[in-house]
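Printed here is run-v2.cif (mmCIF, C-alpha atoms):
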data_target
loop_
_atom_site.group_PDB
_atom_site.id
_atom_site.type_symbol
_atom_site.label_atom_id
_atom_site.label_comp_id
_atom_site.auth_asym_id
_atom_site.auth_seq_id
_atom_site.Cartn_x
_atom_site.Cartn_y
_atom_site.Cartn_z
ATOM 1 C CA MET A 1 79.707 -18.745 55.511
ATOM 2 C CA ARG A 2 81.894 -15.961 54.129
ATOM 3 C CA LYS A 3 81.199 -17.279 50.631
ATOM 4 C CA LYS A 4 77.405 -17.033 51.127
ATOM 5 C CA ILE A 5 77.705 -13.468 52.380
ATOM 6 C CA GLY A 6 79.746 -12.553 49.336
ATOM 7 C CA ILE A 7 76.983 -13.897 47.095
ATOM 8 C CA LEU A 8 74.059 -12.345 48.977
ATOM 9 C CA LEU A 9 75.569 -8.880 49.348
ATOM 10 C CA PRO A 10 75.377 -7.927 45.638
ATOM 11 C CA VAL A 11 71.837 -9.268 45.468
ATOM 12 C CA PHE A 12 70.852 -7.184 48.486
ATOM 13 C CA LEU A 13 72.399 -4.046 47.051
ATOM 14 C CA LEU A 14 70.625 -4.610 43.712
ATOM 15 C CA LEU A 15 67.254 -5.023 45.379
ATOM 16 C CA SER A 16 67.824 -1.871 47.467
ATOM 17 C CA LEU A 17 68.572 0.165 44.345
ATOM 18 C CA LEU A 18 65.479 -1.166 42.593
ATOM 19 C CA LEU A 19 63.248 -0.355 45.549
ATOM 20 C CA CYS A 20 64.628 3.171 45.840
ATOM 21 C CA GLY A 21 64.136 3.771 42.136
ATOM 22 C CA CYS A 22 60.559 2.475 42.190
ATOM 23 C CA ARG A 23 59.537 4.354 45.311
ATOM 24 C CA GLY A 24 57.926 7.079 43.242
ATOM 25 C CA ILE A 25 55.869 4.480 41.381
ATOM 26 C CA PHE A 26 54.399 2.960 44.494
ATOM 27 C CA THR A 27 53.863 6.197 46.436
ATOM 28 C CA PRO A 28 50.113 7.022 46.399
ATOM 29 C CA ARG A 29 49.294 10.160 44.395
ATOM 30 C CA PRO A 30 46.693 12.691 45.526
ATOM 31 C CA VAL A 31 43.258 11.826 44.184
ATOM 32 C CA GLU A 32 42.046 14.449 41.694
ATOM 33 C CA THR A 33 38.721 16.002 42.740
ATOM 34 C CA ILE A 34 36.166 15.808 39.910
ATOM 35 C CA ASP A 35 33.181 18.146 40.170
ATOM 36 C CA PRO A 36 30.108 15.992 39.354
ATOM 37 C CA TYR A 37 28.113 19.169 38.614
ATOM 38 C CA ALA A 38 30.526 20.729 36.158
ATOM 39 C CA GLY A 39 28.616 22.075 33.157
ATOM 40 C CA LEU A 40 25.283 21.718 34.964
ATOM 41 C CA VAL A 41 22.916 24.139 36.666
ATOM 42 C CA PRO A 42 20.379 23.460 39.472
ATOM 43 C CA VAL A 43 16.723 23.941 38.515
ATOM 44 C CA GLU A 44 13.268 23.257 39.926
ATOM 45 C CA SER A 45 11.869 19.861 38.912
ATOM 46 C CA GLY A 46 8.244 20.919 39.304
ATOM 47 C CA TYR A 47 7.793 18.505 42.191
ATOM 48 C CA GLY A 48 9.425 20.566 44.917
ATOM 49 C CA THR A 49 12.879 19.093 44.367
ATOM 50 C CA GLN A 50 16.045 20.296 42.681
ATOM 51 C CA ILE A 51 17.565 18.662 39.621
ATOM 52 C CA TRP A 52 20.748 19.387 37.681
ATOM 53 C CA VAL A 53 20.505 20.018 33.953
ATOM 54 C CA LYS A 54 22.802 21.201 31.181
ATOM 55 C CA ASP A 55 24.011 24.778 31.555
ATOM 56 C CA TYR A 56 23.587 26.560 28.227
ATOM 57 C CA GLU A 57 25.823 29.556 28.826
ATOM 58 C CA THR A 58 24.761 31.133 25.517
ATOM 59 C CA LEU A 59 21.099 31.359 26.594
ATOM 60 C CA ASP A 60 19.549 34.110 28.701
ATOM 61 C CA VAL A 61 18.286 33.228 32.167
ATOM 62 C CA ASN A 62 14.574 33.814 32.828
ATOM 63 C CA PRO A 63 14.296 37.331 34.353
ATOM 64 C CA PHE A 64 11.038 36.275 36.082
ATOM 65 C CA LEU A 65 12.604 33.203 37.709
ATOM 66 C CA GLY A 66 11.011 32.628 41.129
ATOM 67 C CA LYS A 67 9.227 35.993 41.127
ATOM 68 C CA SER A 68 5.712 36.159 42.551
ATOM 69 C CA ASP A 69 5.007 39.750 41.471
ATOM 70 C CA LEU A 70 5.530 39.576 37.729
ATOM 71 C CA HIS A 71 4.520 43.178 37.172
ATOM 72 C CA ALA A 72 7.326 44.438 39.404
ATOM 73 C CA VAL A 73 10.156 42.652 37.620
ATOM 74 C CA SER A 74 10.797 45.019 34.735
ATOM 75 C CA ASP A 75 9.222 47.883 32.846
ATOM 76 C CA ALA A 76 10.480 46.214 29.667
ATOM 77 C CA TYR A 77 7.603 43.699 29.752
ATOM 78 C CA GLU A 78 3.828 43.831 29.837
ATOM 79 C CA ILE A 79 2.173 40.861 31.543
ATOM 80 C CA ARG A 80 -0.789 39.541 29.555
ATOM 81 C CA ARG A 81 -3.153 36.695 30.424
ATOM 82 C CA GLY A 82 -4.373 34.019 28.034
ATOM 83 C CA VAL A 83 -5.695 30.510 27.495
ATOM 84 C CA ASP A 84 -4.859 27.627 25.187
ATOM 85 C CA VAL A 85 -7.728 25.539 23.833
ATOM 86 C CA SER A 86 -8.634 22.682 21.527
ATOM 87 C CA MET A 87 -11.604 20.440 20.798
ATOM 88 C CA HIS A 88 -11.386 19.230 24.409
ATOM 89 C CA GLN A 89 -12.942 22.501 25.602
ATOM 90 C CA GLY A 90 -15.890 22.114 23.217
ATOM 91 C CA GLU A 91 -17.905 25.172 22.201
ATOM 92 C CA ILE A 92 -16.575 28.375 23.754
ATOM 93 C CA ASP A 93 -18.344 31.656 24.486
ATOM 94 C CA TRP A 94 -15.529 33.988 23.433
ATOM 95 C CA THR A 95 -17.470 37.104 24.415
ATOM 96 C CA ALA A 96 -17.509 35.862 28.000
ATOM 97 C CA VAL A 97 -13.849 34.842 27.764
ATOM 98 C CA ALA A 98 -12.857 38.335 26.633
ATOM 99 C CA GLY A 99 -15.015 39.847 29.361
ATOM 100 C CA CYS A 100 -13.051 38.127 32.135
ATOM 101 C CA GLY A 101 -9.751 39.688 31.121
ATOM 102 C CA VAL A 102 -8.279 37.197 28.662
ATOM 103 C CA ASP A 103 -5.952 39.028 26.260
ATOM 104 C CA PHE A 104 -4.859 36.187 23.991
ATOM 105 C CA ALA A 105 -5.548 32.593 23.008
ATOM 106 C CA ILE A 106 -3.348 29.852 21.580
ATOM 107 C CA ILE A 107 -5.688 27.626 19.576
ATOM 108 C CA ARG A 108 -4.987 24.119 18.323
ATOM 109 C CA ALA A 109 -5.309 24.035 14.547
ATOM 110 C CA GLY A 110 -4.525 20.386 13.922
ATOM 111 C CA TYR A 111 -2.730 17.275 15.064
ATOM 112 C CA ARG A 112 -1.113 14.016 14.013
ATOM 113 C CA ALA A 113 -2.519 10.874 15.580
ATOM 114 C CA TYR A 114 -0.030 8.960 17.719
ATOM 115 C CA GLY A 115 -1.125 5.589 16.273
ATOM 116 C CA GLU A 116 0.867 3.623 13.729
ATOM 117 C CA THR A 117 -0.616 5.327 10.664
ATOM 118 C CA GLY A 118 0.030 8.827 12.006
ATOM 119 C CA ALA A 119 -2.816 10.433 10.076
ATOM 120 C CA LEU A 120 -3.206 14.234 10.069
ATOM 121 C CA PHE A 121 -6.392 15.896 11.324
ATOM 122 C CA THR A 122 -7.875 19.376 11.677
ATOM 123 C CA ASP A 123 -9.189 20.344 15.091
ATOM 124 C CA PRO A 124 -12.981 20.492 14.542
ATOM 125 C CA TYR A 125 -13.283 23.740 16.560
ATOM 126 C CA PHE A 126 -10.320 25.510 14.953
ATOM 127 C CA GLU A 127 -12.179 27.791 12.535
ATOM 128 C CA ALA A 128 -14.924 28.764 14.979
ATOM 129 C CA ASN A 129 -12.409 29.474 17.724
ATOM 130 C CA VAL A 130 -10.180 31.674 15.558
ATOM 131 C CA GLN A 131 -13.057 33.673 14.121
ATOM 132 C CA ALA A 132 -14.877 34.248 17.418
ATOM 133 C CA ALA A 133 -11.706 35.047 19.357
ATOM 134 C CA ARG A 134 -10.674 37.697 16.842
ATOM 135 C CA GLU A 135 -14.196 39.162 16.715
ATOM 136 C CA ASN A 136 -13.894 39.726 20.455
ATOM 137 C CA GLY A 137 -10.534 41.466 20.258
ATOM 138 C CA ILE A 138 -8.444 38.544 21.491
ATOM 139 C CA ASP A 139 -4.971 38.061 19.986
ATOM 140 C CA VAL A 140 -4.596 34.611 18.437
ATOM 141 C CA GLY A 141 -1.718 32.189 18.070
ATOM 142 C CA VAL A 142 -2.009 28.537 17.028
ATOM 143 C CA TYR A 143 -0.297 25.244 17.675
ATOM 144 C CA PHE A 144 -0.016 21.890 15.935
ATOM 145 C CA PHE A 145 0.237 18.734 18.043
ATOM 146 C CA SER A 146 3.001 16.696 16.431
ATOM 147 C CA GLN A 147 3.885 13.046 16.446
ATOM 148 C CA ALA A 148 6.466 13.371 13.691
ATOM 149 C CA LEU A 149 9.159 10.729 13.518
ATOM 150 C CA ASP A 150 11.623 12.727 11.439
ATOM 151 C CA ALA A 151 12.166 16.090 9.765
ATOM 152 C CA ALA A 152 10.272 15.050 6.630
ATOM 153 C CA GLU A 153 7.119 14.315 8.645
ATOM 154 C CA ALA A 154 7.524 17.584 10.547
ATOM 155 C CA VAL A 155 7.598 19.472 7.228
ATOM 156 C CA GLU A 156 4.484 17.550 6.161
ATOM 157 C CA GLU A 157 2.764 18.741 9.352
ATOM 158 C CA ALA A 158 3.857 22.336 8.737
ATOM 159 C CA ASP A 159 2.527 22.282 5.184
ATOM 160 C CA TYR A 160 -0.775 20.835 6.369
ATOM 161 C CA LEU A 161 -1.021 23.559 9.014
ATOM 162 C CA LEU A 162 -0.112 26.383 6.640
ATOM 163 C CA GLN A 163 -3.004 25.405 4.359
ATOM 164 C CA LEU A 164 -5.365 25.685 7.329
ATOM 165 C CA LEU A 165 -3.989 29.110 8.225
ATOM 166 C CA GLU A 166 -4.140 30.626 4.761
ATOM 167 C CA PRO A 167 -7.701 32.043 5.085
ATOM 168 C CA TYR A 168 -6.773 33.530 8.489
ATOM 169 C CA ARG A 169 -3.367 35.003 7.677
ATOM 170 C CA GLY A 170 -4.365 38.412 9.005
ATOM 171 C CA ASP A 171 -5.934 36.939 12.141
ATOM 172 C CA ILE A 172 -2.905 35.010 13.409
ATOM 173 C CA THR A 173 -0.933 37.725 15.188
ATOM 174 C CA LEU A 174 0.945 35.494 17.658
ATOM 175 C CA PRO A 175 3.411 32.672 16.922
ATOM 176 C CA VAL A 176 2.662 29.350 15.261
ATOM 177 C CA PHE A 177 3.856 26.713 17.733
ATOM 178 C CA TYR A 178 5.256 23.213 17.254
ATOM 179 C CA ASP A 179 4.010 20.951 20.058
ATOM 180 C CA TRP A 180 5.706 17.532 20.143
ATOM 181 C CA GLU A 181 4.989 15.476 23.259
ATOM 182 C CA GLU A 182 5.712 12.054 24.662
ATOM 183 C CA ILE A 183 2.680 9.772 24.959
ATOM 184 C CA THR A 184 2.771 8.288 28.453
ATOM 185 C CA HIS A 185 -0.691 6.749 28.721
ATOM 186 C CA ASP A 186 -0.501 4.476 25.655
ATOM 187 C CA THR A 187 1.775 2.949 23.061
ATOM 188 C CA ALA A 188 2.755 5.537 20.446
ATOM 189 C CA ARG A 189 4.539 5.652 17.105
ATOM 190 C CA THR A 190 7.053 8.068 18.673
ATOM 191 C CA ASP A 191 8.090 5.799 21.548
ATOM 192 C CA GLY A 192 11.861 5.768 21.966
ATOM 193 C CA MET A 193 12.610 8.926 19.955
ATOM 194 C CA GLY A 194 15.782 10.633 21.087
ATOM 195 C CA GLY A 195 16.423 14.289 21.713
ATOM 196 C CA GLU A 196 18.363 14.853 18.497
ATOM 197 C CA ALA A 197 15.476 13.561 16.376
ATOM 198 C CA VAL A 198 12.926 15.618 18.340
ATOM 199 C CA THR A 199 15.038 18.744 17.855
ATOM 200 C CA ASP A 200 15.443 17.985 14.137
ATOM 201 C CA CYS A 201 11.659 17.844 13.794
ATOM 202 C CA ALA A 202 11.127 21.131 15.626
ATOM 203 C CA VAL A 203 13.704 22.943 13.521
ATOM 204 C CA ALA A 204 12.288 21.579 10.246
ATOM 205 C CA PHE A 205 8.737 22.592 11.219
ATOM 206 C CA CYS A 206 9.730 26.070 12.413
ATOM 207 C CA GLU A 207 11.842 26.836 9.366
ATOM 208 C CA ARG A 208 8.914 25.923 7.100
ATOM 209 C CA VAL A 209 6.582 28.154 9.116
ATOM 210 C CA LYS A 210 9.112 30.980 9.080
ATOM 211 C CA ALA A 211 9.527 30.737 5.306
ATOM 212 C CA ALA A 212 5.747 31.165 4.969
ATOM 213 C CA GLY A 213 5.872 34.489 6.827
ATOM 214 C CA HIS A 214 4.692 33.390 10.279
ATOM 215 C CA THR A 215 6.551 33.658 13.582
ATOM 216 C CA PRO A 216 7.605 30.117 14.570
ATOM 217 C CA GLY A 217 7.595 28.839 18.119
ATOM 218 C CA VAL A 218 8.159 25.664 20.144
ATOM 219 C CA TYR A 219 6.038 24.392 23.025
ATOM 220 C CA ALA A 220 7.647 22.120 25.595
ATOM 221 C CA TYR A 221 6.981 21.192 29.193
ATOM 222 C CA ARG A 222 9.840 21.268 31.716
ATOM 223 C CA TYR A 223 11.141 17.736 31.363
ATOM 224 C CA LEU A 224 10.972 17.712 27.574
ATOM 225 C CA ALA A 225 12.758 21.052 27.315
ATOM 226 C CA TYR A 226 15.524 20.126 29.738
ATOM 227 C CA TYR A 227 16.166 16.549 28.662
ATOM 228 C CA ASN A 228 15.024 16.139 25.054
ATOM 229 C CA TYR A 229 15.590 19.389 23.226
ATOM 230 C CA ASP A 230 18.927 20.845 22.242
ATOM 231 C CA LEU A 231 17.905 24.295 23.426
ATOM 232 C CA GLU A 232 20.640 26.108 21.544
ATOM 233 C CA ARG A 233 19.293 24.817 18.228
ATOM 234 C CA ILE A 234 15.814 26.239 18.904
ATOM 235 C CA ALA A 235 16.989 29.443 20.571
ATOM 236 C CA ASP A 236 15.883 31.639 17.649
ATOM 237 C CA TYR A 237 12.234 30.564 17.932
ATOM 238 C CA THR A 238 9.623 31.780 20.426
ATOM 239 C CA TRP A 239 9.371 29.474 23.441
ATOM 240 C CA TRP A 240 6.127 28.497 25.131
ATOM 241 C CA ILE A 241 6.995 26.568 28.297
ATOM 242 C CA GLY A 242 4.623 24.392 30.288
ATOM 243 C CA ALA A 243 5.692 24.674 33.933
ATOM 244 C CA LEU A 244 2.671 24.542 36.215
ATOM 245 C CA GLY A 245 3.200 26.449 39.436
ATOM 246 C CA GLU A 246 2.597 29.652 41.332
ATOM 247 C CA VAL A 247 5.821 31.313 40.167
ATOM 248 C CA PRO A 248 7.887 30.907 36.979
ATOM 249 C CA ASP A 249 10.576 28.308 37.605
ATOM 250 C CA PHE A 250 11.825 27.334 34.135
ATOM 251 C CA TYR A 251 15.446 28.422 34.148
ATOM 252 C CA TYR A 252 15.833 29.894 30.679
ATOM 253 C CA ALA A 253 14.078 32.963 29.275
ATOM 254 C CA HIS A 254 10.805 32.289 27.443
ATOM 255 C CA GLU A 255 8.033 34.508 26.127
ATOM 256 C CA PHE A 256 4.980 32.367 26.974
ATOM 257 C CA TRP A 257 4.375 30.458 30.208
ATOM 258 C CA GLN A 258 1.667 27.819 30.625
ATOM 259 C CA CYS A 259 1.258 28.281 34.368
ATOM 260 C CA ARG A 260 -1.835 26.486 35.651
ATOM 261 C CA ILE A 261 -5.007 24.538 34.890
ATOM 262 C CA ARG A 262 -8.329 25.994 35.999
ATOM 263 C CA PRO A 263 -11.476 23.882 36.369
ATOM 264 C CA GLU A 264 -13.542 26.607 34.723
ATOM 265 C CA ILE A 265 -13.198 30.104 33.303
ATOM 266 C CA ASP A 266 -15.982 32.389 32.092
ATOM 267 C CA GLY A 267 -17.186 31.112 28.715
ATOM 268 C CA ILE A 268 -15.335 27.767 28.931
ATOM 269 C CA GLN A 269 -16.744 24.669 30.542
ATOM 270 C CA GLY A 270 -14.336 22.251 32.202
ATOM 271 C CA ASP A 271 -10.565 22.386 32.592
ATOM 272 C CA VAL A 272 -8.584 24.940 30.621
ATOM 273 C CA ASP A 273 -4.900 25.897 30.594
ATOM 274 C CA ILE A 274 -4.013 29.417 31.724
ATOM 275 C CA ASP A 275 -1.028 31.144 30.115
ATOM 276 C CA ILE A 276 1.064 34.243 30.718
ATOM 277 C CA TRP A 277 2.648 36.251 27.926
ATOM 278 C CA PHE A 278 5.768 38.172 28.903
ATOM 279 C CA CYS A 279 5.206 40.717 26.159
ATOM 280 C CA PRO A 280 8.220 42.921 25.412
ATOM 281 C CA VAL A 281 7.339 46.595 25.433
ATOM 282 C CA ALA A 282 8.600 48.389 22.366
ATOM 283 C CA GLU A 283 10.754 51.392 23.119
ATOM 284 C CA PRO A 284 9.154 54.647 21.977
ATOM 285 C CA GLU A 285 10.610 56.038 18.815
ATOM 286 C CA THR A 286 12.553 59.226 19.330
ATOM 287 C CA GLU A 287 12.297 62.011 16.825
ATOM 288 C CA PRO A 288 15.599 63.186 15.371
ATOM 289 C CA ALA A 289 16.936 66.325 16.972
ATOM 290 C CA GLU A 290 16.421 69.505 14.995
ATOM 291 C CA GLN A 291 19.520 70.674 13.190
ATOM 292 C CA PRO A 292 20.520 74.339 13.735
ATOM 293 C CA ALA A 293 19.708 76.550 10.822
ATOM 294 C CA GLN A 294 22.627 77.206 8.485
ATOM 295 C CA THR A 295 23.493 80.864 7.973
ATOM 296 C CA LYS A 296 25.401 82.253 5.059
ATOM 297 C CA GLU A 297 28.416 84.348 5.685
ATOM 298 C CA ALA A 298 27.960 88.041 4.764
#
For this file, produce the structure as structure tokens.
Amino acid sequence: MRKKIGILLPVFLLLSLLLCGCRGIFTPRPVETIDPYAGLVPVESGYGTQIWVKDYETLDVNPFLGKSDLHAVSDAYEIRRGVDVSMHQGEIDWTAVAGCGVDFAIIRAGYRAYGETGALFTDPYFEANVQAARENGIDVGVYFFSQALDAAEAVEEADYLLQLLEPYRGDITLPVFYDWEEITHDTARTDGMGGEAVTDCAVAFCERVKAAGHTPGVYAYRYLAYYNYDLERIADYTWWIGALGEVPDFYYAHEFWQCRIRPEIDGIQGDVDIDIWFCPVAEPETEPAEQPAQTKEA
């Protein structure tokens, strides 16, 4: 019996030392708390719910966010009212449109078909709309509906558009917008395009437009802007955001807001999009102070 104890004692001591040394290994460590919303910001989804999207800290927040009285937000902006139109509105009485307080119009100049061939077309009402709108004192911008697959096709669209605009160079006083959209009601050549490719197309189009002397812009509705575009890469272009609602709810600053659809407006039959232009007010130029007259010493 004494012999067994003499054998077991060293084994017991060895096991005790091992357990003491490994205690730190087996002691549970505090669980690190990971913030699931780090790098995100809460925004309105457009459906009465809140979603979390990427927080671009380099971009300005919309100063009109959630404001019902747009005119009271800041003296630095003038609030102007407009419409955006295409062949879907048919023939328009622009005299009546101007008479009901419309200050500007964003007119579709052309588009790429979303079918496999992706042919380019001119909006059949483009010329008439531009001419009549300008004759009635309405500021005009244009947009091209894109279904470009890559930057090369976006440049092709820009070149096509610039040819259409050449006779009206003096009439286009507002930006030239790139309007790429997902096709949800049918199969499209752009199905499955990722955000990087969409952003590449927008940048290529806008740079071509800019090089031709026009102000480039990008149109996007909420979801597309938040989830497809790299907003930092298009930050230098004018933004036209589609966010239907009673108050502006797109989180980042933008100059044009597509706010609602009206069933009819004076001079336009059927549905038409209503837009708001947050027009920056230029600061008045100050005359240099008069310098005191120099007198010669006697």
Leaving out range 151-165 of chain A and any residue of its chain fewer than 5 positions from it, which residues lie within 6 Å of it when counting all atoms listed in the file, given as a list in words?
Asp200, Cys201, Ala204 and Phe205 of chain A
Could you check how far CA of Glu181 in chain A sits from CA of Tyr143 in chain A, in Å to one decimal?
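These two atoms are separated by 12.4 Å.
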As a check of understanding, name the residues that the PyMOL selection byres ((chain A and resi 261) around 6) selects in the supplied structure, as a JSON list (two decimals) with C-alpha atoms, in the frame of the given file.
[["chain", "number", "residue", "atom", "x", "y", "z"],
["A", 260, "ARG", "CA", -1.84, 26.49, 35.65],
["A", 262, "ARG", "CA", -8.33, 25.99, 36.00],
["A", 272, "VAL", "CA", -8.58, 24.94, 30.62],
["A", 273, "ASP", "CA", -4.90, 25.90, 30.59],
["A", 274, "ILE", "CA", -4.01, 29.42, 31.72]]
With the file shown as input, list the residues that the PyMOL selection byres ((chain A and resi 233) around 12) selects, as a VMD selection string.
chain A and resid 56 58 to 59 195 to 196 198 to 204 206 to 207 218 225 228 to 232 234 to 237
Taking the file as I've supplied it (selection: the PyMOL selection byres ((chain A and resi 249) around 7)), which residues are included? Please answer as a compact mmCIF listing (two decimals) with C-alpha atoms, keeping the file's coordinate frame.
# COMPACT_ATOMS: atom_id res chain seq x y z
CA GLU A 44 13.27 23.26 39.93
CA LEU A 65 12.60 33.20 37.71
CA GLY A 66 11.01 32.63 41.13
CA VAL A 247 5.82 31.31 40.17
CA PRO A 248 7.89 30.91 36.98
CA PHE A 250 11.82 27.33 34.14
CA TYR A 251 15.45 28.42 34.15
Contacts of range 121-128 of chain A at 8 Å (only C-alpha atoms; same-chain gap of 2+ positions) as a ChimeraX atom specification
/A:86-87,90-91,107-113,119,130-132
Using only C-alpha atoms: which of A:Ala243, A:Leu70, A:Leu149, A:Ala133 has the shortest distance to Trp94 in chain A:
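Of all the options, A:Ala133 lies closest to Trp94 in chain A.
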Proximity to Asp191 in chain A - best of A:Val209, A:Glu116, A:Tyr223, A:Trp277, only C-alpha atoms
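Smallest distance to Asp191 in chain A is found for A:Glu116.
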Best match for closeness to Val43 in chain A among A:Pro280, A:Pro175, A:Arg222, A:His254, counting all atoms listed in the file:
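Closest to Val43 in chain A, using all atoms listed in the file: A:Arg222.
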Measure the distance from CA of Val83 in chain A to CA of Cys259 in chain A in Å and round it to one decimal.
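A separation of 10.0 Å between them.
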Pairwise distance, CA of Ile268 in chain A with CA of Ala105 in chain A, equals 12.4 Å
Neighbours of Ile265 in chain A within 9 Å (all atoms listed in the file; same-chain residues fewer than 5 positions away dropped), as a PyMOL selection string?
chain A and resi 96-97+100+270-272
Keeping only C-alpha atoms, write the selected residues as a CSV table (one decimal), keeping the file's coordinate frame.
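So the final result, stored in part.csv, reads:
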chain,number,residue,atom,x,y,z
A,96,ALA,CA,-17.5,35.9,28.0
A,97,VAL,CA,-13.8,34.8,27.8
A,100,CYS,CA,-13.1,38.1,32.1
A,270,GLY,CA,-14.3,22.3,32.2
A,271,ASP,CA,-10.6,22.4,32.6
A,272,VAL,CA,-8.6,24.9,30.6
Could I see range 152-167 of chain A restored to N, CA and C atoms, set down as a CSV table (one decimal), keeping the file's coordinate frame?
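So the final result, stored in out-v2.csv, reads:
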chain,number,residue,atom,x,y,z
A,152,ALA,N,11.2,15.1,7.8
A,152,ALA,CA,10.3,15.0,6.6
A,152,ALA,C,8.8,15.1,7.1
A,153,GLU,N,8.5,14.3,8.1
A,153,GLU,CA,7.1,14.3,8.6
A,153,GLU,C,6.8,15.6,9.3
A,154,ALA,N,7.8,16.3,9.9
A,154,ALA,CA,7.5,17.6,10.5
A,154,ALA,C,7.2,18.6,9.5
A,155,VAL,N,7.9,18.6,8.3
A,155,VAL,CA,7.6,19.5,7.2
A,155,VAL,C,6.2,19.2,6.7
A,156,GLU,N,5.8,17.9,6.6
A,156,GLU,CA,4.5,17.6,6.2
A,156,GLU,C,3.4,18.2,7.1
A,157,GLU,N,3.7,18.1,8.4
A,157,GLU,CA,2.8,18.7,9.4
A,157,GLU,C,2.7,20.3,9.2
A,158,ALA,N,3.8,20.9,8.9
A,158,ALA,CA,3.9,22.3,8.7
A,158,ALA,C,3.1,22.7,7.5
A,159,ASP,N,3.2,22.0,6.4
A,159,ASP,CA,2.5,22.3,5.2
A,159,ASP,C,1.0,22.1,5.4
A,160,TYR,N,0.6,21.1,6.1
A,160,TYR,CA,-0.8,20.8,6.4
A,160,TYR,C,-1.3,22.0,7.2
A,161,LEU,N,-0.6,22.5,8.2
A,161,LEU,CA,-1.0,23.6,9.0
A,161,LEU,C,-1.1,24.9,8.2
A,162,LEU,N,-0.1,25.1,7.4
A,162,LEU,CA,-0.1,26.4,6.6
A,162,LEU,C,-1.3,26.5,5.7
A,163,GLN,N,-1.8,25.4,5.2
A,163,GLN,CA,-3.0,25.4,4.4
A,163,GLN,C,-4.2,25.8,5.2
A,164,LEU,N,-4.3,25.3,6.4
A,164,LEU,CA,-5.4,25.7,7.3
A,164,LEU,C,-5.3,27.2,7.7
A,165,LEU,N,-4.1,27.7,7.8
A,165,LEU,CA,-4.0,29.1,8.2
A,165,LEU,C,-4.2,30.1,7.1
A,166,GLU,N,-4.1,29.7,5.9
A,166,GLU,CA,-4.1,30.6,4.8
A,166,GLU,C,-5.3,31.6,4.8
A,167,PRO,N,-6.6,31.1,5.1
A,167,PRO,CA,-7.7,32.0,5.1
A,167,PRO,C,-7.7,33.0,6.3
